[in-house]
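Novice: I have a structure I would like to understand better, so I am pasting it below and will then ask my questions one at a time.
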Amino acid sequence: MATPEIKSVGKAFALLECLAADDTCVSLPSMAKRCGLSVATAHRLLATLESLGAVIHTGPGEYAIGLRLLELARRSSFEALLASATTPILNRITRTTGSTVHVGVLDPERMVTYVARSATRATRIPTMPGVKLEAYCSGLGKVLLADLPACERDTYLSEGPFPALTSRTICEPEALGRELATVRSRRFAVDDCEMFDNLRCVAVPILGPDGRVVAALSASQNSADLPGAKVGALAAELAGHAAAISAKLFPRGGAHRAAH
């Protein structure tokens, strides 16, 4: 049996979402209407949030996000949350597939930052959390680059060079552009021994609530253990895990459902 929701918590969170969506202070009647609450209920919830420092009363009937809530948010990061949320799933994938599994994000310099990893004892890949590696020749990187806006992707491709790390690395900007177009179309990427000799990797996107790619999930094996014929099945399995991660990070409609 599912744990019952405490509706007042959902209502309070809906009010916080309403405040966070506006750059200016929001009036009490406006918030109540948007959240489907009576003015009296909204006022009681906001008074409680104000006493906790989560919101501040900025004027007659007007509120804004409070400093205590901002401070709590600053104590964490998306990468830390991503690592905590994904580690159990990564360990499960390693147990069931024998793969080395990673989650990564794209940093402002267009390098892949490895956020979490699960590996077998035999793994020799230098990809511990916090390590940054080139994006153009990794499965994670291809997924993340493929989702960039076209102008940013074109800029990346024009800046090069793309040194060959193995004999199979895609180095030419035009060929890499075609590869990224394929990744966008089929929704998974393959590092076909392009970063490390004899290591094949499959990667899939982890989506945010707006459908954009916020991170990527990959599984790597020796190329002999992961022939091309098995790539599609592994990609499908990873896509299911990526959807579970997205649902864990971005529960859909929780606050709004509780508010009504």
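Ligands are numbered from 1 in the order shown, chains are lettered A, B, ... in the order of the structure tokens, and residues start at 1 in each chain.
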Excluding A:Gly208 and its own-chain neighbours fewer than 2 positions away, which residues fall within 12 Å of it when counting only C-alpha atoms? Please give them as a VMD selection string.

Specialist: chain A and resid 78 82 205 to 206 210 to 216 242 to 252

Novice: Would you save the residues of that selection, restricted to N, CA and C atoms, as a short mmCIF file (atom, residue, chain, number, x, y, z; two decimals), in the first residue's frame?

Specialist:
```cif
data_model
loop_
_atom_site.label_atom_id
_atom_site.label_comp_id
_atom_site.auth_asym_id
_atom_site.auth_seq_id
_atom_site.Cartn_x
_atom_site.Cartn_y
_atom_site.Cartn_z
N PHE A 78 23.31 20.07 -7.64
CA PHE A 78 22.66 19.08 -8.49
C PHE A 78 23.51 17.83 -8.61
N LEU A 82 22.38 14.17 -7.65
CA LEU A 82 22.39 13.16 -8.72
C LEU A 82 23.16 11.92 -8.28
N PRO A 205 20.21 9.37 -22.42
CA PRO A 205 19.97 10.61 -21.68
C PRO A 205 19.12 10.41 -20.44
N ILE A 206 19.35 11.25 -19.44
CA ILE A 206 18.48 11.41 -18.28
C ILE A 206 17.79 12.75 -18.46
N ASP A 210 11.29 19.27 -18.38
CA ASP A 210 10.97 19.93 -19.64
C ASP A 210 11.41 19.11 -20.85
N GLY A 211 11.90 17.88 -20.62
CA GLY A 211 12.32 17.03 -21.72
C GLY A 211 13.74 17.25 -22.18
N ARG A 212 14.44 18.21 -21.59
CA ARG A 212 15.84 18.43 -21.94
C ARG A 212 16.74 17.47 -21.18
N VAL A 213 17.91 17.21 -21.74
CA VAL A 213 18.87 16.30 -21.13
C VAL A 213 19.60 17.02 -19.99
N VAL A 214 19.53 16.47 -18.78
CA VAL A 214 20.21 17.07 -17.64
C VAL A 214 21.46 16.28 -17.24
N ALA A 215 21.54 15.03 -17.67
CA ALA A 215 22.68 14.17 -17.36
C ALA A 215 22.62 12.98 -18.31
N ALA A 216 23.60 12.11 -18.22
CA ALA A 216 23.61 10.91 -19.07
C ALA A 216 24.05 9.71 -18.24
N ALA A 242 17.20 5.05 -16.85
CA ALA A 242 17.27 6.51 -16.93
C ALA A 242 15.91 7.13 -16.63
N ALA A 243 14.84 6.49 -17.10
CA ALA A 243 13.49 6.99 -16.81
C ALA A 243 13.20 6.91 -15.31
N ALA A 244 13.67 5.84 -14.66
CA ALA A 244 13.48 5.71 -13.21
C ALA A 244 14.25 6.80 -12.46
N ILE A 245 15.45 7.12 -12.94
CA ILE A 245 16.23 8.19 -12.32
C ILE A 245 15.51 9.53 -12.49
N SER A 246 15.00 9.79 -13.69
CA SER A 246 14.27 11.05 -13.93
C SER A 246 13.07 11.16 -13.00
N ALA A 247 12.33 10.06 -12.85
CA ALA A 247 11.16 10.08 -11.98
C ALA A 247 11.54 10.31 -10.53
N LYS A 248 12.69 9.81 -10.14
CA LYS A 248 13.16 9.99 -8.76
C LYS A 248 13.60 11.43 -8.52
N LEU A 249 14.27 12.02 -9.50
CA LEU A 249 14.75 13.39 -9.36
C LEU A 249 13.64 14.42 -9.53
N PHE A 250 12.71 14.14 -10.42
CA PHE A 250 11.68 15.12 -10.77
C PHE A 250 10.29 14.49 -10.67
N PRO A 251 9.80 14.25 -9.45
CA PRO A 251 8.43 13.70 -9.33
C PRO A 251 7.45 14.63 -10.02
N ARG A 252 6.56 14.06 -10.79
CA ARG A 252 5.67 14.88 -11.60
C ARG A 252 4.35 15.19 -10.87
#
```

Novice: Set the distance at 10 Å and use only C-alpha atoms: which residues neighbour A:Ala224 once local chain neighbours fewer than 3 positions away are removed? I'd like the list as a list in words.

Specialist: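 Selected residues are Asn198, Leu199, Arg200, Gln221, Pro227 and Gly228 of chain A.
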
Novice: Would you mind exporting all heavy atoms of the selected residues as a compact mmCIF listing (two decimals), in the first residue's frame?

Specialist:
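out.txt was written with the following content:
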```txt
# COMPACT_ATOMS: atom_id res chain seq x y z
N ASN A 198 39.49 -1.33 -27.09
CA ASN A 198 38.77 -2.56 -26.66
C ASN A 198 37.73 -2.30 -25.58
O ASN A 198 37.33 -3.22 -24.87
CB ASN A 198 39.77 -3.62 -26.16
CG ASN A 198 40.80 -3.98 -27.21
OD1 ASN A 198 40.45 -4.16 -28.37
ND2 ASN A 198 42.06 -4.07 -26.81
N LEU A 199 37.25 -1.06 -25.47
CA LEU A 199 36.18 -0.76 -24.51
C LEU A 199 35.02 -0.11 -25.26
O LEU A 199 35.18 0.95 -25.86
CB LEU A 199 36.67 0.18 -23.41
CG LEU A 199 35.67 0.37 -22.26
CD1 LEU A 199 35.66 -0.86 -21.36
CD2 LEU A 199 36.01 1.61 -21.45
N ARG A 200 33.87 -0.78 -25.24
CA ARG A 200 32.67 -0.26 -25.90
C ARG A 200 31.71 0.26 -24.83
O ARG A 200 31.55 -0.34 -23.78
CB ARG A 200 32.02 -1.35 -26.76
CG ARG A 200 30.87 -0.86 -27.61
CD ARG A 200 30.52 -1.89 -28.69
NE ARG A 200 31.52 -1.92 -29.75
CZ ARG A 200 32.17 -3.01 -30.15
NH1 ARG A 200 31.91 -4.17 -29.56
NH2 ARG A 200 33.05 -2.95 -31.11
N GLN A 221 31.71 -2.06 -21.33
CA GLN A 221 32.24 -3.41 -21.21
C GLN A 221 33.37 -3.58 -22.22
O GLN A 221 33.49 -2.81 -23.18
CB GLN A 221 31.16 -4.47 -21.49
CG GLN A 221 30.00 -4.48 -20.52
CD GLN A 221 28.99 -5.57 -20.87
OE1 GLN A 221 29.33 -6.58 -21.47
NE2 GLN A 221 27.74 -5.36 -20.50
N PRO A 227 29.38 -7.10 -28.08
CA PRO A 227 29.42 -6.96 -29.54
C PRO A 227 28.30 -6.04 -30.01
O PRO A 227 27.34 -5.76 -29.28
CB PRO A 227 29.21 -8.40 -30.02
CG PRO A 227 28.47 -9.07 -28.91
CD PRO A 227 28.97 -8.44 -27.64
N GLY A 228 28.41 -5.60 -31.25
CA GLY A 228 27.43 -4.69 -31.79
C GLY A 228 26.00 -5.21 -31.72
O GLY A 228 25.05 -4.44 -31.54
```

Novice: Using only C-alpha atoms, determine which residues lie at most 6 Å from stretch 112-129 of chain A, disregarding the query and same-chain residues fewer than 2 positions distant; provide the list as a PDB file with all heavy atoms, in the first residue's frame.

Specialist:
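Output below, filename out-v2.pdb:
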```pdb
ATOM      1  N   ALA A  83      24.307  12.118  -7.645  1.00  0.00           N
ATOM      2  CA  ALA A  83      25.099  10.981  -7.184  1.00  0.00           C
ATOM      3  C   ALA A  83      24.337  10.163  -6.148  1.00  0.00           C
ATOM      4  O   ALA A  83      24.299   8.929  -6.208  1.00  0.00           O
ATOM      5  CB  ALA A  83      26.423  11.472  -6.601  1.00  0.00           C
ATOM      6  N   LEU A  90      22.873   2.433 -10.199  1.00  0.00           N
ATOM      7  CA  LEU A  90      24.108   2.070 -10.879  1.00  0.00           C
ATOM      8  C   LEU A  90      24.646   0.737 -10.368  1.00  0.00           C
ATOM      9  O   LEU A  90      25.090  -0.122 -11.153  1.00  0.00           O
ATOM     10  CB  LEU A  90      25.159   3.162 -10.687  1.00  0.00           C
ATOM     11  CG  LEU A  90      25.234   4.254 -11.749  1.00  0.00           C
ATOM     12  CD1 LEU A  90      23.898   4.970 -11.902  1.00  0.00           C
ATOM     13  CD2 LEU A  90      26.332   5.258 -11.422  1.00  0.00           C
ATOM     14  N   ASN A  91      24.595   0.528  -9.062  1.00  0.00           N
ATOM     15  CA  ASN A  91      25.066  -0.743  -8.497  1.00  0.00           C
ATOM     16  C   ASN A  91      24.231  -1.914  -9.018  1.00  0.00           C
ATOM     17  O   ASN A  91      24.757  -2.999  -9.295  1.00  0.00           O
ATOM     18  CB  ASN A  91      24.991  -0.687  -6.975  1.00  0.00           C
ATOM     19  CG  ASN A  91      26.018   0.254  -6.383  1.00  0.00           C
ATOM     20  OD1 ASN A  91      27.030   0.571  -7.007  1.00  0.00           O
ATOM     21  ND2 ASN A  91      25.772   0.724  -5.168  1.00  0.00           N
ATOM     22  N   THR A 100      30.678  -1.574 -16.223  1.00  0.00           N
ATOM     23  CA  THR A 100      31.048  -0.395 -15.456  1.00  0.00           C
ATOM     24  C   THR A 100      30.053   0.692 -15.833  1.00  0.00           C
ATOM     25  O   THR A 100      29.864   0.980 -17.023  1.00  0.00           O
ATOM     26  CB  THR A 100      32.474   0.063 -15.787  1.00  0.00           C
ATOM     27  OG1 THR A 100      33.377  -0.965 -15.403  1.00  0.00           O
ATOM     28  CG2 THR A 100      32.822   1.340 -15.042  1.00  0.00           C
ATOM     29  N   VAL A 101      29.415   1.294 -14.849  1.00  0.00           N
ATOM     30  CA  VAL A 101      28.300   2.197 -15.106  1.00  0.00           C
ATOM     31  C   VAL A 101      28.639   3.593 -14.582  1.00  0.00           C
ATOM     32  O   VAL A 101      29.198   3.736 -13.486  1.00  0.00           O
ATOM     33  CB  VAL A 101      27.013   1.678 -14.444  1.00  0.00           C
ATOM     34  CG1 VAL A 101      25.809   2.494 -14.895  1.00  0.00           C
ATOM     35  CG2 VAL A 101      26.803   0.199 -14.772  1.00  0.00           C
ATOM     36  N   HIS A 102      28.305   4.609 -15.373  1.00  0.00           N
ATOM     37  CA  HIS A 102      28.597   5.988 -14.999  1.00  0.00           C
ATOM     38  C   HIS A 102      27.371   6.874 -15.172  1.00  0.00           C
ATOM     39  O   HIS A 102      26.515   6.615 -16.025  1.00  0.00           O
ATOM     40  CB  HIS A 102      29.706   6.581 -15.879  1.00  0.00           C
ATOM     41  CG  HIS A 102      31.014   5.888 -15.787  1.00  0.00           C
ATOM     42  ND1 HIS A 102      31.459   4.991 -16.730  1.00  0.00           N
ATOM     43  CD2 HIS A 102      32.000   5.968 -14.855  1.00  0.00           C
ATOM     44  CE1 HIS A 102      32.657   4.553 -16.392  1.00  0.00           C
ATOM     45  NE2 HIS A 102      33.007   5.122 -15.258  1.00  0.00           N
ATOM     46  N   VAL A 103      27.350   7.948 -14.399  1.00  0.00           N
ATOM     47  CA  VAL A 103      26.463   9.080 -14.648  1.00  0.00           C
ATOM     48  C   VAL A 103      27.346  10.310 -14.755  1.00  0.00           C
ATOM     49  O   VAL A 103      28.290  10.488 -13.967  1.00  0.00           O
ATOM     50  CB  VAL A 103      25.427   9.256 -13.522  1.00  0.00           C
ATOM     51  CG1 VAL A 103      24.738  10.609 -13.612  1.00  0.00           C
ATOM     52  CG2 VAL A 103      24.375   8.167 -13.588  1.00  0.00           C
ATOM     53  N   GLY A 104      27.074  11.149 -15.746  1.00  0.00           N
ATOM     54  CA  GLY A 104      27.888  12.345 -15.932  1.00  0.00           C
ATOM     55  C   GLY A 104      27.082  13.521 -16.411  1.00  0.00           C
ATOM     56  O   GLY A 104      25.955  13.368 -16.895  1.00  0.00           O
ATOM     57  N   VAL A 105      27.664  14.706 -16.264  1.00  0.00           N
ATOM     58  CA  VAL A 105      27.048  15.953 -16.729  1.00  0.00           C
ATOM     59  C   VAL A 105      28.068  16.716 -17.560  1.00  0.00           C
ATOM     60  O   VAL A 105      29.274  16.438 -17.508  1.00  0.00           O
ATOM     61  CB  VAL A 105      26.560  16.820 -15.549  1.00  0.00           C
ATOM     62  CG1 VAL A 105      25.462  16.113 -14.769  1.00  0.00           C
ATOM     63  CG2 VAL A 105      27.713  17.206 -14.628  1.00  0.00           C
ATOM     64  N   LEU A 106      27.587  17.681 -18.311  1.00  0.00           N
ATOM     65  CA  LEU A 106      28.453  18.504 -19.151  1.00  0.00           C
ATOM     66  C   LEU A 106      28.789  19.793 -18.411  1.00  0.00           C
ATOM     67  O   LEU A 106      27.877  20.498 -17.950  1.00  0.00           O
ATOM     68  CB  LEU A 106      27.754  18.809 -20.476  1.00  0.00           C
ATOM     69  CG  LEU A 106      28.619  19.271 -21.651  1.00  0.00           C
ATOM     70  CD1 LEU A 106      29.570  18.161 -22.081  1.00  0.00           C
ATOM     71  CD2 LEU A 106      27.742  19.696 -22.825  1.00  0.00           C
ATOM     72  N   VAL A 131      36.237  13.306 -11.847  1.00  0.00           N
ATOM     73  CA  VAL A 131      37.149  13.358 -12.995  1.00  0.00           C
ATOM     74  C   VAL A 131      36.448  13.999 -14.193  1.00  0.00           C
ATOM     75  O   VAL A 131      35.256  13.800 -14.410  1.00  0.00           O
ATOM     76  CB  VAL A 131      37.638  11.938 -13.359  1.00  0.00           C
ATOM     77  CG1 VAL A 131      38.298  11.901 -14.735  1.00  0.00           C
ATOM     78  CG2 VAL A 131      38.599  11.432 -12.298  1.00  0.00           C
ATOM     79  N   LYS A 132      37.185  14.776 -14.961  1.00  0.00           N
ATOM     80  CA  LYS A 132      36.661  15.388 -16.183  1.00  0.00           C
ATOM     81  C   LYS A 132      37.414  14.808 -17.379  1.00  0.00           C
ATOM     82  O   LYS A 132      38.644  14.764 -17.378  1.00  0.00           O
ATOM     83  CB  LYS A 132      36.839  16.905 -16.154  1.00  0.00           C
ATOM     84  CG  LYS A 132      36.059  17.614 -15.048  1.00  0.00           C
ATOM     85  CD  LYS A 132      36.334  19.105 -15.066  1.00  0.00           C
ATOM     86  CE  LYS A 132      35.655  19.821 -13.918  1.00  0.00           C
ATOM     87  NZ  LYS A 132      34.196  19.874 -14.080  1.00  0.00           N
ATOM     88  N   LEU A 133      36.658  14.373 -18.397  1.00  0.00           N
ATOM     89  CA  LEU A 133      37.257  13.845 -19.621  1.00  0.00           C
ATOM     90  C   LEU A 133      36.580  14.471 -20.832  1.00  0.00           C
ATOM     91  O   LEU A 133      35.497  15.052 -20.730  1.00  0.00           O
ATOM     92  CB  LEU A 133      37.130  12.319 -19.669  1.00  0.00           C
ATOM     93  CG  LEU A 133      37.915  11.520 -18.622  1.00  0.00           C
ATOM     94  CD1 LEU A 133      37.611  10.036 -18.749  1.00  0.00           C
ATOM     95  CD2 LEU A 133      39.409  11.778 -18.742  1.00  0.00           C
ATOM     96  N   ALA A 135      34.448  15.156 -24.105  1.00  0.00           N
ATOM     97  CA  ALA A 135      33.082  14.726 -24.406  1.00  0.00           C
ATOM     98  C   ALA A 135      32.949  14.074 -25.778  1.00  0.00           C
ATOM     99  O   ALA A 135      32.118  13.171 -25.962  1.00  0.00           O
ATOM    100  CB  ALA A 135      32.128  15.922 -24.322  1.00  0.00           C
ATOM    101  N   GLY A 141      29.435  11.844 -23.230  1.00  0.00           N
ATOM    102  CA  GLY A 141      29.649  13.138 -23.867  1.00  0.00           C
ATOM    103  C   GLY A 141      28.822  13.324 -25.121  1.00  0.00           C
ATOM    104  O   GLY A 141      28.262  14.402 -25.360  1.00  0.00           O
TER     105      GLY A 141
END
```

Novice: Between A:Ile6, A:Met195, A:Leu145, A:Ala203, which one has atoms that come closest to A:Leu176, using only C-alpha atoms?

Specialist: A:Leu145

Novice: List every residue of stretch 163-256 of chain A that DSSP, applied to the backbone of this structure, places in alpha helix (DSSP H), and write the result as a PyMOL selection string.

Specialist: chain A and resi 173-186+231-249+254-256

Novice: Which one is closest to A:Ser99: A:Gly240, A:Val231, A:Ala219, A:Tyr63? Count only C-alpha atoms.

Specialist: A:Ala219

Novice: Nearest to A:Leu157: which of A:Leu140, A:Leu52, A:Leu46, A:Ala175 is it, counting only C-alpha atoms?

Specialist: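 Of the candidates, the smallest distance to A:Leu157 is held by A:Ala175.
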
Novice: Got a sec: who's within 9 Å of A:Thr166, counting only C-alpha atoms, leaving out chain neighbours fewer than 5 positions off, as a ChimeraX atom specification?

Specialist: /A:193-197

Novice: Let me see the file: selected residues, N, CA and C atoms, as a short mmCIF file (atom, residue, chain, number, x, y, z; two decimals), in the first residue's frame.

Specialist:
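See result38.cif below for the written result:
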```
data_model
loop_
_atom_site.label_atom_id
_atom_site.label_comp_id
_atom_site.auth_asym_id
_atom_site.auth_seq_id
_atom_site.Cartn_x
_atom_site.Cartn_y
_atom_site.Cartn_z
N CYS A 193 34.93 1.98 -28.86
CA CYS A 193 36.38 1.90 -28.63
C CYS A 193 37.08 3.19 -29.04
N GLU A 194 36.41 4.32 -28.83
CA GLU A 194 36.93 5.62 -29.27
C GLU A 194 37.73 6.33 -28.20
N MET A 195 37.48 6.01 -26.93
CA MET A 195 38.23 6.64 -25.84
C MET A 195 39.32 5.70 -25.31
N PHE A 196 38.98 4.42 -25.20
CA PHE A 196 39.94 3.41 -24.75
C PHE A 196 39.86 2.21 -25.70
N ASP A 197 41.01 1.69 -26.07
CA ASP A 197 41.03 0.51 -26.93
C ASP A 197 40.26 -0.64 -26.28
#
```

Novice: Expressed in Å to a single decimal, how great is the separation between atom CA of A:Thr58 and atom CA of A:Lys7?

Specialist: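 Distance between the two atoms: 26.3 Å.
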
Novice: Work out how far apart atom CA of A:Leu15 and atom CA of A:Ala73 are and give it in Å to one decimal.

Specialist: 16.8 Å

Novice: Using only C-alpha atoms for the distances, tell me which of A:Ile65, A:Val183, A:Val190, A:Ala150 is nearest to A:Arg168.

Specialist: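 Closest to A:Arg168, using only C-alpha atoms: A:Val190.
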
Novice: Tell me, in Å to one decimal, how far atom CA of A:Thr86 is from atom CA of A:Leu165.

Specialist: 28.8 Å

Novice: Residues at most 9 Å from A:His43, counting only C-alpha atoms, excluding those fewer than 3 positions away in the same chain, as a ChimeraX atom specification?

Specialist: /A:28,32,38-40,46-48,61

Novice: With distances taken over only C-alpha atoms, which residue among A:Leu49, A:Ala80, A:Val202, A:Leu16 lies nearest A:Cys35?

Specialist: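 Smallest distance to A:Cys35 is found for A:Leu16.
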
Novice: Using only C-alpha atoms, which of A:Val55, A:Pro149, A:Leu238, A:Gly139 sits nearest A:Ala20?

Specialist: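 Under the stated criterion, the closest residue is A:Val55.
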